[in-house]
>>> print(open('work_26.tsv').read())   # TSV, C-alpha atoms
chain	number	residue	atom	x	y	z
S	1	MET	CA	15.68	-28.46	-5.06
S	2	ASN	CA	15.92	-27.85	-1.31
S	3	LEU	CA	19.60	-27.31	-0.57
S	4	ARG	CA	19.03	-27.75	3.17
S	5	ASP	CA	17.86	-31.33	2.61
S	6	ALA	CA	21.06	-32.11	0.70
S	7	ILE	CA	23.24	-31.25	3.72
S	8	ARG	CA	23.89	-34.04	6.21
S	9	THR	CA	24.01	-33.27	9.93
S	10	ILE	CA	26.38	-35.36	12.03
S	11	PRO	CA	25.74	-34.99	15.76
S	12	ASP	CA	28.67	-34.75	18.17
S	13	PHE	CA	31.34	-34.27	15.49
S	14	PRO	CA	34.16	-33.43	15.92
S	15	LYS	CA	33.24	-33.32	19.61
S	16	PRO	CA	30.18	-33.73	21.87
S	17	GLY	CA	27.57	-30.99	21.50
S	18	ILE	CA	28.57	-29.94	17.98
S	19	MET	CA	26.07	-30.51	15.16
S	20	TYR	CA	28.42	-30.82	12.18
S	21	ARG	CA	26.92	-29.65	8.87
S	22	ASP	CA	28.42	-31.94	6.23
S	23	ILE	CA	28.30	-30.35	2.77
S	24	THR	CA	29.91	-33.35	1.02
S	25	THR	CA	26.44	-34.82	0.51
S	26	LEU	CA	25.43	-31.61	-1.26
S	27	LEU	CA	28.54	-31.72	-3.47
S	28	THR	CA	27.82	-35.32	-4.45
S	29	ASN	CA	24.19	-34.55	-5.36
S	30	ARG	CA	24.38	-33.29	-8.95
S	31	ARG	CA	21.21	-31.23	-8.76
S	32	ALA	CA	22.14	-29.67	-5.43
S	33	LEU	CA	25.65	-28.84	-6.62
S	34	ALA	CA	24.34	-27.12	-9.75
S	35	GLU	CA	21.70	-25.25	-7.72
S	36	ALA	CA	24.24	-24.09	-5.12
S	37	VAL	CA	26.68	-22.83	-7.78
S	38	ILE	CA	23.89	-20.97	-9.58
S	39	GLN	CA	22.56	-19.43	-6.35
S	40	LEU	CA	26.05	-18.40	-5.16
S	41	SER	CA	26.79	-16.81	-8.55
S	42	ALA	CA	23.46	-15.15	-9.33
S	43	PRO	CA	23.87	-11.90	-7.31
S	44	TYR	CA	27.28	-11.36	-8.95
S	45	LYS	CA	26.44	-12.29	-12.53
S	46	TYR	CA	26.59	-8.70	-13.82
S	47	LYS	CA	29.08	-7.30	-11.32
S	48	ASP	CA	32.20	-7.88	-13.40
S	49	VAL	CA	33.92	-10.28	-11.01
S	50	ASP	CA	37.57	-10.66	-11.99
S	51	ASN	CA	38.48	-13.33	-9.47
S	52	VAL	CA	36.83	-15.60	-6.96
S	53	ALA	CA	38.90	-16.23	-3.84
S	54	GLY	CA	38.30	-19.58	-2.13
S	55	ILE	CA	39.60	-20.74	1.22
S	56	GLU	CA	41.36	-24.13	1.55
S	57	ALA	CA	40.08	-26.78	1.29
S	58	ARG	CA	36.28	-26.85	0.92
S	59	GLY	CA	36.19	-23.31	-0.44
S	60	PHE	CA	38.16	-24.63	-3.42
S	61	THR	CA	35.15	-26.72	-4.48
S	62	PHE	CA	32.31	-24.20	-4.70
S	63	GLY	CA	34.79	-21.38	-5.35
S	64	THR	CA	36.20	-22.76	-8.59
S	65	ALA	CA	32.80	-23.79	-9.91
S	66	VAL	CA	31.47	-20.27	-9.20
S	67	ALA	CA	34.54	-18.76	-10.90
S	68	TYR	CA	33.85	-20.91	-13.96
S	69	GLU	CA	30.16	-19.98	-13.93
S	70	LEU	CA	31.00	-16.25	-13.70
S	71	GLY	CA	33.79	-16.38	-16.29
S	72	ALA	CA	36.23	-15.27	-13.59
S	73	GLY	CA	39.58	-16.60	-12.41
S	74	PHE	CA	40.09	-18.45	-9.13
S	75	VAL	CA	42.56	-17.43	-6.40
S	76	PRO	CA	43.36	-20.01	-3.71
S	77	ILE	CA	43.83	-18.88	-0.11
S	78	ARG	CA	45.87	-21.62	1.53
S	79	LYS	CA	47.26	-22.72	4.86
S	80	LYS	CA	50.79	-21.46	5.45
S	81	GLY	CA	53.56	-23.19	3.49
S	82	LYS	CA	51.47	-24.57	0.63
S	83	LEU	CA	51.85	-21.79	-1.96
S	84	PRO	CA	55.09	-21.92	-3.95
S	85	PHE	CA	55.64	-18.22	-4.77
S	86	ASP	CA	55.81	-14.90	-2.88
S	87	THR	CA	52.87	-14.52	-0.51
S	88	PHE	CA	51.09	-12.23	1.91
S	89	GLU	CA	50.27	-13.86	5.27
S	90	GLN	CA	47.54	-13.32	7.82
S	91	ASP	CA	47.21	-14.87	11.27
S	92	TYR	CA	43.80	-15.58	12.75
S	93	GLU	CA	42.43	-16.84	16.04
S	94	LEU	CA	41.27	-20.41	16.54
S	95	GLU	CA	39.41	-21.73	19.56
S	96	TYR	CA	42.81	-22.72	20.92
S	97	GLY	CA	45.77	-20.87	19.44
S	98	THR	CA	46.24	-19.28	16.04
S	99	ASP	CA	46.63	-20.32	12.41
S	100	THR	CA	47.99	-18.58	9.33
S	101	VAL	CA	46.64	-18.30	5.78
S	102	GLU	CA	48.44	-17.06	2.69
S	103	ILE	CA	47.72	-15.70	-0.77
S	104	HIS	CA	50.08	-15.28	-3.71
S	105	ALA	CA	51.12	-11.61	-3.62
S	106	ASP	CA	50.80	-11.30	-7.42
S	107	SER	CA	47.52	-13.21	-7.77
S	108	ILE	CA	45.30	-10.12	-7.83
S	109	ARG	CA	45.97	-6.73	-9.41
S	110	LYS	CA	45.10	-3.57	-7.52
S	111	GLY	CA	41.45	-2.66	-8.04
S	112	GLU	CA	40.31	-6.04	-9.36
S	113	ASN	CA	36.83	-7.10	-8.27
S	114	VAL	CA	37.02	-10.15	-6.01
S	115	LEU	CA	34.27	-12.34	-4.58
S	116	ILE	CA	35.04	-14.52	-1.53
S	117	ILE	CA	33.47	-18.00	-1.52
S	118	ASP	CA	33.47	-20.61	1.22
S	119	ASP	CA	31.25	-23.54	2.14
S	120	LEU	CA	30.29	-22.32	5.61
S	121	ILE	CA	30.50	-19.25	7.83
S	122	ALA	CA	30.56	-19.76	11.59
S	123	THR	CA	32.45	-17.19	13.71
S	124	GLY	CA	33.87	-15.65	10.54
S	125	GLY	CA	37.48	-15.84	11.73
S	126	THR	CA	38.81	-17.41	8.56
S	127	ALA	CA	36.70	-15.15	6.36
S	128	GLU	CA	37.98	-12.07	8.21
S	129	ALA	CA	41.55	-13.28	7.61
S	130	ALA	CA	40.68	-13.68	3.92
S	131	VAL	CA	39.43	-10.08	3.83
S	132	HIS	CA	42.67	-8.81	5.39
S	133	LEU	CA	44.74	-10.84	2.91
S	134	LEU	CA	42.77	-9.60	-0.07
S	135	ARG	CA	43.06	-5.99	1.09
S	136	LYS	CA	46.86	-6.43	1.15
S	137	THR	CA	46.68	-7.22	-2.59
S	138	GLY	CA	44.65	-4.06	-3.29
S	139	ALA	CA	41.60	-6.08	-4.32
S	140	ASN	CA	38.17	-4.48	-4.43
S	141	ILE	CA	36.15	-7.01	-2.40
S	142	ILE	CA	32.65	-6.88	-3.82
S	143	GLY	CA	31.15	-9.51	-1.56
S	144	ALA	CA	31.36	-12.86	0.20
S	145	ALA	CA	29.02	-15.80	-0.35
S	146	PHE	CA	28.63	-18.96	1.70
S	147	VAL	CA	26.51	-22.07	1.27
S	148	VAL	CA	25.84	-22.49	5.01
S	149	ASP	CA	25.42	-19.83	7.69
S	150	LEU	CA	25.41	-20.57	11.43
S	151	PRO	CA	23.91	-17.20	12.45
S	152	GLU	CA	24.26	-17.68	16.20
S	153	LEU	CA	28.04	-17.53	15.78
S	154	GLY	CA	27.92	-14.04	14.30
S	155	GLY	CA	30.20	-14.45	11.29
S	156	VAL	CA	27.99	-12.60	8.84
S	157	GLU	CA	27.70	-9.53	11.12
S	158	ARG	CA	31.47	-9.57	11.56
S	159	LEU	CA	32.01	-9.30	7.78
S	160	VAL	CA	29.26	-6.71	7.36
S	161	ARG	CA	30.97	-4.55	10.01
S	162	MET	CA	34.08	-4.73	7.80
S	163	GLY	CA	32.04	-3.35	4.89
S	164	ILE	CA	31.63	-6.64	3.04
S	165	PRO	CA	28.19	-7.51	1.59
S	166	VAL	CA	27.36	-11.13	2.43
S	167	THR	CA	24.97	-13.66	0.90
S	168	THR	CA	24.26	-17.12	2.32
S	169	LEU	CA	22.06	-19.94	1.01
S	170	VAL	CA	21.05	-22.04	4.03
S	171	LYS	CA	20.90	-21.17	7.75
S	172	PHE	CA	21.11	-23.66	10.61
S	173	ASP	CA	20.43	-22.95	14.26
S	174	GLY	CA	23.01	-23.96	16.84
S	175	HIS	CA	26.73	-24.47	16.44
M	1	MET	CA	44.62	-19.94	-25.39
M	2	ASN	CA	47.85	-21.80	-24.72
M	3	LEU	CA	47.42	-23.50	-21.37
M	4	ARG	CA	51.14	-24.19	-21.07
M	5	ASP	CA	51.89	-20.47	-21.06
M	6	ALA	CA	49.46	-19.97	-18.18
M	7	ILE	CA	51.44	-22.32	-15.91
M	8	ARG	CA	54.31	-20.81	-13.93
M	9	THR	CA	57.51	-22.79	-13.41
M	10	ILE	CA	59.37	-22.23	-10.14
M	11	PRO	CA	62.90	-23.64	-10.24
M	12	ASP	CA	64.27	-25.45	-7.17
M	13	PHE	CA	60.94	-25.69	-5.32
M	14	PRO	CA	60.35	-27.35	-2.93
M	15	LYS	CA	64.00	-28.45	-3.18
M	16	PRO	CA	67.00	-28.00	-5.48
M	17	GLY	CA	66.66	-29.67	-8.87
M	18	ILE	CA	62.85	-29.69	-8.92
M	19	MET	CA	61.06	-27.58	-11.53
M	20	TYR	CA	57.75	-26.93	-9.78
M	21	ARG	CA	54.78	-26.47	-12.13
M	22	ASP	CA	52.53	-23.93	-10.44
M	23	ILE	CA	48.95	-24.16	-11.70
M	24	THR	CA	47.69	-21.30	-9.51
M	25	THR	CA	48.55	-18.87	-12.32
M	26	LEU	CA	46.33	-20.91	-14.64
M	27	LEU	CA	43.46	-20.90	-12.12
M	28	THR	CA	43.71	-17.14	-11.74
M	29	ASN	CA	43.65	-16.55	-15.53
M	30	ARG	CA	39.95	-16.52	-16.41
M	31	ARG	CA	40.43	-17.63	-20.01
M	32	ALA	CA	42.85	-20.40	-19.07
M	33	LEU	CA	40.57	-21.68	-16.31
M	34	ALA	CA	37.59	-21.84	-18.68
M	35	GLU	CA	39.68	-23.51	-21.37
M	36	ALA	CA	41.09	-26.11	-18.95
M	37	VAL	CA	37.65	-27.00	-17.58
M	38	ILE	CA	36.24	-27.34	-21.11
M	39	GLN	CA	39.19	-29.47	-22.30
M	40	LEU	CA	39.07	-31.72	-19.22
M	41	SER	CA	35.31	-32.21	-19.65
M	42	ALA	CA	35.06	-32.57	-23.43
M	43	PRO	CA	35.96	-36.28	-23.79
M	44	TYR	CA	33.37	-37.14	-21.11
M	45	LYS	CA	30.52	-34.88	-22.21
M	46	TYR	CA	28.35	-37.73	-23.50
M	47	LYS	CA	29.61	-40.50	-21.21
M	48	ASP	CA	26.98	-40.09	-18.50
M	49	VAL	CA	29.36	-39.16	-15.68
M	50	ASP	CA	27.56	-39.47	-12.33
M	51	ASN	CA	30.36	-38.14	-10.16
M	52	VAL	CA	33.72	-36.49	-10.49
M	53	ALA	CA	36.22	-37.52	-7.81
M	54	GLY	CA	38.85	-34.91	-6.94
M	55	ILE	CA	41.89	-35.32	-4.74
M	56	GLU	CA	42.61	-32.83	-1.93
M	57	ALA	CA	43.42	-30.01	-2.27
M	58	ARG	CA	44.14	-28.82	-5.82
M	59	GLY	CA	41.96	-31.54	-7.33
M	60	PHE	CA	39.01	-29.87	-5.59
M	61	THR	CA	39.41	-26.83	-7.86
M	62	PHE	CA	39.30	-28.29	-11.37
M	63	GLY	CA	37.29	-31.27	-10.14
M	64	THR	CA	34.27	-29.31	-8.94
M	65	ALA	CA	34.25	-27.03	-11.99
M	66	VAL	CA	34.34	-30.11	-14.26
M	67	ALA	CA	31.54	-31.71	-12.24
M	68	TYR	CA	29.45	-28.55	-12.70
M	69	GLU	CA	30.24	-28.42	-16.42
M	70	LEU	CA	29.24	-32.09	-16.84
M	71	GLY	CA	26.13	-31.84	-14.67
M	72	ALA	CA	27.67	-34.40	-12.32
M	73	GLY	CA	28.20	-34.49	-8.56
M	74	PHE	CA	31.58	-34.04	-6.89
M	75	VAL	CA	33.17	-36.54	-4.47
M	76	PRO	CA	36.11	-35.31	-2.40
M	77	ILE	CA	39.02	-37.67	-1.70
M	78	ARG	CA	40.70	-36.27	1.41
M	79	LYS	CA	43.68	-36.74	3.64
M	80	LYS	CA	42.95	-39.02	6.59
M	81	GLY	CA	40.84	-37.54	9.39
M	82	LYS	CA	39.12	-34.78	7.43
M	83	LEU	CA	35.89	-36.52	6.38
M	84	PRO	CA	33.19	-36.60	9.07
M	85	PHE	CA	31.32	-39.82	8.19
M	86	ASP	CA	32.15	-43.50	7.57
M	87	THR	CA	35.05	-43.86	5.14
M	88	PHE	CA	37.16	-46.26	3.16
M	89	GLU	CA	40.92	-45.70	3.53
M	90	GLN	CA	43.88	-46.32	1.28
M	91	ASP	CA	47.58	-46.00	2.10
M	92	TYR	CA	50.06	-44.96	-0.55
M	93	GLU	CA	53.82	-44.55	-0.81
M	94	LEU	CA	55.53	-41.18	-0.62
M	95	GLU	CA	59.18	-40.52	-1.37
M	96	TYR	CA	59.77	-40.95	2.35
M	97	GLY	CA	57.12	-42.90	4.22
M	98	THR	CA	53.42	-43.35	3.51
M	99	ASP	CA	50.25	-41.29	3.58
M	100	THR	CA	46.54	-42.19	3.71
M	101	VAL	CA	43.55	-40.91	1.75
M	102	GLU	CA	39.87	-41.47	2.46
M	103	ILE	CA	36.51	-41.34	0.72
M	104	HIS	CA	33.04	-41.36	2.25
M	105	ALA	CA	31.86	-44.98	2.00
M	106	ASP	CA	28.36	-43.91	0.92
M	107	SER	CA	29.42	-41.21	-1.53
M	108	ILE	CA	29.16	-43.40	-4.63
M	109	ARG	CA	26.63	-46.10	-5.43
M	110	LYS	CA	27.78	-49.37	-6.98
M	111	GLY	CA	28.06	-49.05	-10.75
M	112	GLU	CA	28.03	-45.25	-10.90
M	113	ASN	CA	30.26	-43.71	-13.56
M	114	VAL	CA	33.11	-41.79	-11.97
M	115	LEU	CA	35.76	-39.55	-13.54
M	116	ILE	CA	38.95	-38.81	-11.55
M	117	ILE	CA	40.31	-35.25	-11.83
M	118	ASP	CA	43.54	-33.81	-10.47
M	119	ASP	CA	45.75	-30.89	-11.37
M	120	LEU	CA	48.92	-32.90	-12.06
M	121	ILE	CA	50.10	-36.48	-12.51
M	122	ALA	CA	53.70	-37.30	-11.61
M	123	THR	CA	54.47	-40.82	-10.36
M	124	GLY	CA	50.75	-41.54	-10.11
M	125	GLY	CA	50.92	-42.73	-6.51
M	126	THR	CA	48.03	-40.59	-5.31
M	127	ALA	CA	45.97	-41.33	-8.41
M	128	GLU	CA	46.51	-45.07	-7.93
M	129	ALA	CA	45.31	-44.72	-4.33
M	130	ALA	CA	42.23	-42.89	-5.65
M	131	VAL	CA	41.54	-45.79	-8.04
M	132	HIS	CA	41.78	-48.31	-5.19
M	133	LEU	CA	39.45	-46.20	-3.02
M	134	LEU	CA	36.89	-45.79	-5.80
M	135	ARG	CA	36.94	-49.52	-6.53
M	136	LYS	CA	36.08	-50.14	-2.86
M	137	THR	CA	32.87	-48.15	-3.42
M	138	GLY	CA	31.94	-50.22	-6.47
M	139	ALA	CA	32.36	-47.24	-8.81
M	140	ASN	CA	32.78	-47.74	-12.54
M	141	ILE	CA	35.86	-45.60	-13.20
M	142	ILE	CA	35.48	-44.32	-16.73
M	143	GLY	CA	38.67	-42.30	-16.84
M	144	ALA	CA	41.12	-39.93	-15.22
M	145	ALA	CA	42.02	-36.46	-16.49
M	146	PHE	CA	44.86	-34.18	-15.42
M	147	VAL	CA	45.86	-30.67	-16.40
M	148	VAL	CA	49.61	-31.37	-16.23
M	149	ASP	CA	51.51	-34.58	-17.04
M	150	LEU	CA	55.16	-35.15	-16.13
M	151	PRO	CA	55.62	-38.13	-18.47
M	152	GLU	CA	59.14	-39.05	-17.33
M	153	LEU	CA	57.68	-40.05	-13.96
M	154	GLY	CA	55.41	-42.68	-15.51
M	155	GLY	CA	52.12	-41.90	-13.79
M	156	VAL	CA	49.96	-42.17	-16.89
M	157	GLU	CA	51.35	-45.62	-17.79
M	158	ARG	CA	50.73	-46.75	-14.22
M	159	LEU	CA	47.02	-45.86	-14.47
M	160	VAL	CA	46.68	-47.32	-17.97
M	161	ARG	CA	48.11	-50.63	-16.65
M	162	MET	CA	45.27	-50.55	-14.09
M	163	GLY	CA	42.76	-50.28	-16.95
M	164	ILE	CA	42.03	-46.56	-16.54
M	165	PRO	CA	41.85	-44.39	-19.68
M	166	VAL	CA	43.81	-41.17	-19.10
M	167	THR	CA	43.73	-37.75	-20.72
M	168	THR	CA	46.13	-34.91	-19.97
M	169	LEU	CA	46.27	-31.34	-21.29
M	170	VAL	CA	49.91	-30.18	-20.98
M	171	LYS	CA	53.15	-32.18	-20.75
M	172	PHE	CA	56.39	-30.94	-19.21
M	173	ASP	CA	59.77	-32.64	-19.44
M	174	GLY	CA	61.70	-33.28	-16.24
M	175	HIS	CA	60.47	-33.66	-12.71
>>> encode(input="work_26.tsv", output="structure tokens")
Amino acid sequence: MNLRDAIRTIPDFPKPGIMYRDITTLLTNRRALAEAVIQLSAPYKYKDVDNVAGIEARGFTFGTAVAYELGAGFVPIRKKGKLPFDTFEQDYELEYGTDTVEIHADSIRKGENVLIIDDLIATGGTAEAAVHLLRKTGANIIGAAFVVDLPELGGVERLVRMGIPVTTLVKFDGH
Amino acid sequence: MNLRDAIRTIPDFPKPGIMYRDITTLLTNRRALAEAVIQLSAPYKYKDVDNVAGIEARGFTFGTAVAYELGAGFVPIRKKGKLPFDTFEQDYELEYGTDTVEIHADSIRKGENVLIIDDLIATGGTAEAAVHLLRKTGANIIGAAFVVDLPELGGVERLVRMGIPVTTLVKFDGH
């Protein structure tokens, strides 16, 4: 199963010059979905993961399946205003302006082992915000895993500089 | 494992008089997550499910884990404007106004067996929109399964009247 072949590329979306990597075709392909979940989980199978943290919205897909595969819980990191209980917040930079993500303050106990999962890492801005949020809970972040890496945008190096081990399944050149 | 006990109730959220059923505490509880995924999947284990359709955003969590458990693919149903390729659209009524959901037009082949998954069914408005969307793709909808049912709001009956078998795991009185 070649995961790369299961990902659709849409040129000039959402704007001219961007090659959009569409992972919905991978999700919908039963063999590719199973393979991606197994590959994301494998390095963490014996690392006693307590919770998988996934970033809204596509991180909820692979994230919960990996949590189930690892026998862990799943912690959603959401856009501001979506979580109903007490939260920690973290701002992060967008191309134009800023956005805010939140996590339930009681979702992770101090010292629990947490794995971050998302579909794609580009500049790593959202993932860095997730790291800051998780550190506010006292989590022990044991790693971050992504289906797609766009290495030219430097997201993986950004997380590694923060002390987070990173695994990715498929790399694409360009943005 | 009592799934009901894993769900947190938040009184007066998002407005006075509403008892909000917060499934994030169930997701974060590793035993409850595994139990919910197994219970959602069990009735469909031998029904040859090709794809699980999950509704943004919380339906992405249980939906993808159930897809993985069943060896099926996962098809995201998203808010308008989020999917990058050709879509079918469906409007649905909210308490005030309307909203629109979309599905990739090529995500399901005619006659494929599809199971709808979401975290909660209330009035069933979103689920009904999902049924209309899936019928546009030619899917054979074999059922819909929800973690939480608020039976006083009539959502399950609404789907059953449309010919959709429904299973739910936990019922709560009130809204």
>>> residues_around(input="work_26.tsv", residues="stretch 58-60 of chain S", least_positions_apart="4", cutoff="6 Å", atoms="only C-alpha atoms", output="NGL selection string")
(:S and (54 or 64 or 118-119)) or (:M and (60-61))
>>> residues_around(input="work_26.tsv", residues="S:Tyr68", least_positions_apart="3", cutoff="10 Å", atoms="only C-alpha atoms", output="number ranges by chain")
S: 37, 41, 51-52, 62-65, 71-74; M: 27, 30-31, 33-35, 37-38, 62, 64-66, 68-69
>>> closest_residue(input="work_26.tsv", among="S:Val75, S:Ile7, S:Val49, S:Ile18", to="chain M", atoms="only C-alpha atoms")
S:Val75
>>> closest_residue(input="work_26.tsv", among="S:Ile77, S:Ile55, S:Ile121, S:Leu134", to="S:Leu153", atoms="only C-alpha atoms")
S:Ile121
>>> residues_around(input="work_26.tsv", residues="S:Ile108", least_positions_apart="3", cutoff="7 Å", atoms="only C-alpha atoms", output="ChimeraX atom specification")
/S:112,137,139
